[in-house]
Amino acid sequence: MTENTIPYSALYAAYAAGTLDPGYALLVETQGALRQDVRRAIAMSEAAAGALLEAEAAAPMAANALDRAFASIDALGPVAAPSRTGTPDDADEIGRLPAPLVDAVSRAVAAEGWKTPRRGIRRLRLDMGSAAEVELFRIQPGASVPRHTHGANEYTLVVTGGYSDGTGSYGPGDLSLKGPDDTHTPVGDEGDVCYALIVRDGALRLTGMIGVMQRILGH
């Protein structure tokens, strides 16, 4: 890949501090499941956050604070396991994704299902309660995502397989950052199907004639 040197320490620090948006937290957790160096970076950030917390003065708590916390947990009740729909191939592929992704993807498949914007491309919106757009793309070898730019920053994490877009080639665990000034056409590499987790702050903007139609139709 061409973007290994991009500093993502701010993401890891915010994750360790518990202040990271849920969509970006999923991105960090998934990359951590794929890369040992990211797990080390997260651990170092958590250690630093812990040291800062220990240096803080203790805050007084109400006498019944612990009882109220346990009561709130009990009130939540049991969590139902997400149902899975789709083809057997879907369930098999989803089951091989990193653990942080499996539940979110299974819920999304059951709730809305995959969209197919073009041949060889499937797109799944993940509802993470995030201020950002969170999606999982499934790109078959040789299939291309339409040429596009972005309304703001877009982080793309390759989960399986790989893709190339004219600016670099990306494989499992690689994280690419694109902004409004970047235009690219991701194409699935030969070999395994590419699953890519995408978190973006603004809408994807198609270019060319497809982009013109997108603007005319208001999508």
# chains A, B, ... in the order shown; residues from 1 in each chain; ligands from 1

$ residues_around --residues "range 15-24 of chain A" --least-positions-apart "4" --cutoff "6 Å" --atoms "only C-alpha atoms" --output "PyMOL selection string"
chain A and resi 45-46+128+130

$ residues_around --residues "range 173-185 of chain A" --least-positions-apart "5" --cutoff "9 Å" --atoms "only C-alpha atoms" --output "short mmCIF file (atom, residue, chain, number, x, y, z; two decimals) with N, CA and C atoms, in the first residue's frame"
data_model
loop_
_atom_site.label_atom_id
_atom_site.label_comp_id
_atom_site.auth_asym_id
_atom_site.auth_seq_id
_atom_site.Cartn_x
_atom_site.Cartn_y
_atom_site.Cartn_z
N MET A 1 0.84 -1.19 0.00
CA MET A 1 0.00 0.00 0.00
C MET A 1 0.88 1.24 0.00
N THR A 2 0.27 2.43 -0.17
CA THR A 2 1.04 3.65 -0.24
C THR A 2 0.82 4.56 0.97
N GLU A 3 -0.03 4.17 1.94
CA GLU A 3 -0.40 5.09 2.99
C GLU A 3 -0.09 4.56 4.38
N ASN A 4 0.89 3.66 4.50
CA ASN A 4 1.25 3.11 5.81
C ASN A 4 1.73 4.19 6.77
N ILE A 6 0.51 7.23 7.23
CA ILE A 6 -0.51 8.15 7.74
C ILE A 6 -0.65 7.95 9.25
N THR A 30 -11.84 -3.31 14.47
CA THR A 30 -11.68 -4.27 13.37
C THR A 30 -10.24 -4.29 12.89
N GLN A 31 -9.62 -3.11 12.76
CA GLN A 31 -8.21 -3.09 12.35
C GLN A 31 -7.34 -3.74 13.41
N GLY A 32 -7.67 -3.54 14.68
CA GLY A 32 -6.92 -4.18 15.76
C GLY A 32 -7.01 -5.69 15.70
N ALA A 33 -8.16 -6.20 15.26
CA ALA A 33 -8.32 -7.65 15.13
C ALA A 33 -7.47 -8.21 13.99
N LEU A 34 -7.06 -7.35 13.06
CA LEU A 34 -6.30 -7.78 11.89
C LEU A 34 -4.80 -7.56 12.01
N ARG A 35 -4.39 -6.58 12.85
CA ARG A 35 -2.98 -6.18 12.88
C ARG A 35 -2.45 -6.08 14.30
N SER A 144 -15.52 -2.98 -10.13
CA SER A 144 -15.05 -1.64 -9.77
C SER A 144 -16.18 -0.83 -9.15
N VAL A 145 -15.83 -0.09 -8.11
CA VAL A 145 -16.73 0.90 -7.53
C VAL A 145 -16.70 2.11 -8.46
N PRO A 146 -17.85 2.73 -8.77
CA PRO A 146 -17.84 3.88 -9.68
C PRO A 146 -16.86 4.96 -9.24
N ARG A 147 -16.25 5.62 -10.20
CA ARG A 147 -15.30 6.69 -9.91
C ARG A 147 -16.00 7.76 -9.07
N HIS A 148 -15.34 8.20 -7.99
CA HIS A 148 -16.00 9.12 -7.09
C HIS A 148 -14.99 9.94 -6.29
N THR A 149 -15.49 11.02 -5.71
CA THR A 149 -14.77 11.78 -4.72
C THR A 149 -15.61 11.78 -3.45
N HIS A 150 -15.31 12.70 -2.51
CA HIS A 150 -15.95 12.61 -1.20
C HIS A 150 -16.32 13.99 -0.68
N GLY A 151 -17.39 14.04 0.12
CA GLY A 151 -17.80 15.30 0.72
C GLY A 151 -16.87 15.71 1.84
N ALA A 152 -16.21 14.75 2.46
CA ALA A 152 -15.28 15.00 3.57
C ALA A 152 -14.32 13.82 3.62
N ASN A 153 -13.78 13.53 4.79
CA ASN A 153 -12.83 12.42 4.91
C ASN A 153 -13.54 11.07 4.83
N GLU A 154 -12.86 10.12 4.19
CA GLU A 154 -13.36 8.75 4.09
C GLU A 154 -12.22 7.80 4.46
N TYR A 155 -12.46 6.98 5.49
CA TYR A 155 -11.52 5.94 5.89
C TYR A 155 -12.00 4.61 5.32
N THR A 156 -11.12 3.88 4.65
CA THR A 156 -11.45 2.56 4.11
C THR A 156 -10.47 1.54 4.68
N LEU A 157 -11.02 0.55 5.37
CA LEU A 157 -10.22 -0.53 5.95
C LEU A 157 -10.50 -1.81 5.17
N VAL A 158 -9.45 -2.39 4.58
CA VAL A 158 -9.61 -3.67 3.89
C VAL A 158 -9.65 -4.78 4.94
N VAL A 159 -10.71 -5.57 4.88
CA VAL A 159 -10.91 -6.65 5.86
C VAL A 159 -10.46 -7.99 5.29
N THR A 160 -10.85 -8.27 4.04
CA THR A 160 -10.39 -9.47 3.33
C THR A 160 -10.10 -9.08 1.89
N SER A 164 -7.27 -2.09 -5.67
CA SER A 164 -6.35 -1.08 -6.15
C SER A 164 -7.18 0.06 -6.74
N ASP A 165 -6.67 1.30 -6.62
CA ASP A 165 -7.49 2.43 -7.07
C ASP A 165 -6.71 3.49 -7.84
N GLY A 166 -5.52 3.15 -8.33
CA GLY A 166 -4.72 4.12 -9.05
C GLY A 166 -3.80 4.92 -8.14
N THR A 167 -4.08 4.95 -6.85
CA THR A 167 -3.20 5.64 -5.91
C THR A 167 -2.41 4.64 -5.06
N THR A 207 -18.60 10.81 -9.95
CA THR A 207 -18.16 11.74 -10.98
C THR A 207 -18.60 11.24 -12.34
#

$ atom_distance --atom1 "CA of Gln140 in chain A" --atom2 "CA of Gly162 in chain A"
9.7 Å

$ closest_residue --among "A:Arg40, A:Ala91, A:Ala25, A:Ala111" --to "Val134 in chain A" --atoms "only C-alpha atoms"
A:Ala25

$ select_by_dssp --residues "range 169-202 of chain A" --states "strand (DSSP E)" --output "ChimeraX atom specification"
/A:169-170,175-178,187-188,194-200

$ atom_distance --atom1 "CA of Ile94 in chain A" --atom2 "CA of Tyr195 in chain A"
9.8 Å

$ closest_residue --among "A:Pro100, A:Gly95, A:Leu126, A:Met44" --to "Glu112 in chain A" --atoms "only C-alpha atoms"
A:Leu126

$ atom_distance --atom1 "CA of Ala143 in chain A" --atom2 "CA of Val193 in chain A"
9.9 Å

$ decode --residues "range 124-172 of chain A" --atoms "N, CA and C atoms" --output "compact mmCIF listing (two decimals), in the first residue's frame"
# COMPACT_ATOMS: atom_id res chain seq x y z
N LEU A 124 -23.59 -2.54 2.19
CA LEU A 124 -24.41 -2.79 3.37
C LEU A 124 -24.22 -1.64 4.35
N ARG A 125 -25.30 -0.96 4.68
CA ARG A 125 -25.23 0.13 5.66
C ARG A 125 -25.27 -0.44 7.07
N LEU A 126 -24.32 -0.02 7.90
CA LEU A 126 -24.25 -0.50 9.28
C LEU A 126 -24.76 0.58 10.21
N ASP A 127 -25.79 0.26 10.99
CA ASP A 127 -26.36 1.22 11.93
C ASP A 127 -25.61 1.10 13.25
N MET A 128 -24.67 2.02 13.46
CA MET A 128 -23.84 1.99 14.66
C MET A 128 -24.17 3.15 15.61
N GLY A 129 -25.23 3.90 15.30
CA GLY A 129 -25.51 5.08 16.09
C GLY A 129 -24.42 6.13 15.93
N SER A 130 -23.86 6.18 14.75
CA SER A 130 -22.70 7.03 14.47
C SER A 130 -23.12 8.31 13.76
N ALA A 131 -22.37 9.38 13.99
CA ALA A 131 -22.59 10.61 13.25
C ALA A 131 -22.05 10.50 11.82
N ALA A 132 -21.23 9.49 11.57
CA ALA A 132 -20.65 9.26 10.24
C ALA A 132 -21.45 8.19 9.50
N GLU A 133 -21.22 8.09 8.19
CA GLU A 133 -21.78 7.00 7.40
C GLU A 133 -20.87 5.79 7.56
N VAL A 134 -21.45 4.65 7.91
CA VAL A 134 -20.67 3.42 8.12
C VAL A 134 -21.23 2.36 7.18
N GLU A 135 -20.38 1.81 6.32
CA GLU A 135 -20.83 0.82 5.34
C GLU A 135 -19.79 -0.29 5.19
N LEU A 136 -20.27 -1.45 4.79
CA LEU A 136 -19.39 -2.55 4.39
C LEU A 136 -19.60 -2.80 2.91
N PHE A 137 -18.51 -2.79 2.14
CA PHE A 137 -18.58 -3.09 0.72
C PHE A 137 -18.06 -4.50 0.48
N ARG A 138 -18.70 -5.21 -0.43
CA ARG A 138 -18.23 -6.51 -0.89
C ARG A 138 -17.91 -6.36 -2.37
N ILE A 139 -16.64 -6.48 -2.73
CA ILE A 139 -16.19 -6.22 -4.09
C ILE A 139 -15.60 -7.50 -4.68
N GLN A 140 -16.21 -8.02 -5.72
CA GLN A 140 -15.70 -9.22 -6.36
C GLN A 140 -14.45 -8.89 -7.16
N PRO A 141 -13.56 -9.87 -7.37
CA PRO A 141 -12.35 -9.63 -8.15
C PRO A 141 -12.68 -9.04 -9.53
N GLY A 142 -12.02 -7.95 -9.87
CA GLY A 142 -12.24 -7.32 -11.17
C GLY A 142 -13.39 -6.33 -11.21
N ALA A 143 -14.27 -6.36 -10.21
CA ALA A 143 -15.39 -5.41 -10.18
C ALA A 143 -14.88 -4.05 -9.68
N SER A 144 -15.52 -2.98 -10.13
CA SER A 144 -15.05 -1.64 -9.77
C SER A 144 -16.18 -0.83 -9.15
N VAL A 145 -15.83 -0.09 -8.11
CA VAL A 145 -16.73 0.90 -7.53
C VAL A 145 -16.70 2.11 -8.46
N PRO A 146 -17.85 2.73 -8.77
CA PRO A 146 -17.84 3.88 -9.68
C PRO A 146 -16.86 4.96 -9.24
N ARG A 147 -16.25 5.62 -10.20
CA ARG A 147 -15.30 6.69 -9.91
C ARG A 147 -16.00 7.76 -9.07
N HIS A 148 -15.34 8.20 -7.99
CA HIS A 148 -16.00 9.12 -7.09
C HIS A 148 -14.99 9.94 -6.29
N THR A 149 -15.49 11.02 -5.71
CA THR A 149 -14.77 11.78 -4.72
C THR A 149 -15.61 11.78 -3.45
N HIS A 150 -15.31 12.70 -2.51
CA HIS A 150 -15.95 12.61 -1.20
C HIS A 150 -16.32 13.99 -0.68
N GLY A 151 -17.39 14.04 0.12
CA GLY A 151 -17.80 15.30 0.72
C GLY A 151 -16.87 15.71 1.84
N ALA A 152 -16.21 14.75 2.46
CA ALA A 152 -15.28 15.00 3.57
C ALA A 152 -14.32 13.82 3.62
N ASN A 153 -13.78 13.53 4.79
CA ASN A 153 -12.83 12.42 4.91
C ASN A 153 -13.54 11.07 4.83
N GLU A 154 -12.86 10.12 4.19
CA GLU A 154 -13.36 8.75 4.09
C GLU A 154 -12.22 7.80 4.46
N TYR A 155 -12.46 6.98 5.49
CA TYR A 155 -11.52 5.94 5.89
C TYR A 155 -12.00 4.61 5.32
N THR A 156 -11.12 3.88 4.65
CA THR A 156 -11.45 2.56 4.11
C THR A 156 -10.47 1.54 4.68
N LEU A 157 -11.02 0.55 5.37
CA LEU A 157 -10.22 -0.53 5.95
C LEU A 157 -10.50 -1.81 5.17
N VAL A 158 -9.45 -2.39 4.58
CA VAL A 158 -9.61 -3.67 3.89
C VAL A 158 -9.65 -4.78 4.94
N VAL A 159 -10.71 -5.57 4.88
CA VAL A 159 -10.91 -6.65 5.86
C VAL A 159 -10.46 -7.99 5.29
N THR A 160 -10.85 -8.27 4.04
CA THR A 160 -10.39 -9.47 3.33
C THR A 160 -10.10 -9.08 1.89
N GLY A 161 -9.32 -9.91 1.20
CA GLY A 161 -9.01 -9.63 -0.20
C GLY A 161 -8.21 -8.36 -0.34
N GLY A 162 -8.48 -7.61 -1.40
CA GLY A 162 -7.76 -6.37 -1.62
C GLY A 162 -8.33 -5.61 -2.80
N TYR A 163 -7.92 -4.35 -2.93
CA TYR A 163 -8.33 -3.55 -4.09
C TYR A 163 -7.21 -2.58 -4.45
N SER A 164 -7.27 -2.09 -5.67
CA SER A 164 -6.35 -1.08 -6.15
C SER A 164 -7.18 0.06 -6.74
N ASP A 165 -6.67 1.30 -6.62
CA ASP A 165 -7.49 2.43 -7.07
C ASP A 165 -6.71 3.49 -7.84
N GLY A 166 -5.52 3.15 -8.33
CA GLY A 166 -4.72 4.12 -9.05
C GLY A 166 -3.80 4.92 -8.14
N THR A 167 -4.08 4.95 -6.85
CA THR A 167 -3.20 5.64 -5.91
C THR A 167 -2.41 4.64 -5.06
N GLY A 168 -2.82 3.38 -5.09
CA GLY A 168 -2.14 2.36 -4.30
C GLY A 168 -2.92 1.06 -4.33
N SER A 169 -2.32 0.03 -3.74
CA SER A 169 -2.96 -1.27 -3.60
C SER A 169 -3.06 -1.57 -2.11
N TYR A 170 -4.20 -2.11 -1.69
CA TYR A 170 -4.49 -2.27 -0.27
C TYR A 170 -4.93 -3.69 0.02
N GLY A 171 -4.38 -4.26 1.09
CA GLY A 171 -4.72 -5.62 1.49
C GLY A 171 -5.25 -5.64 2.90
N PRO A 172 -5.52 -6.83 3.44
CA PRO A 172 -6.13 -6.95 4.76
C PRO A 172 -5.37 -6.17 5.84
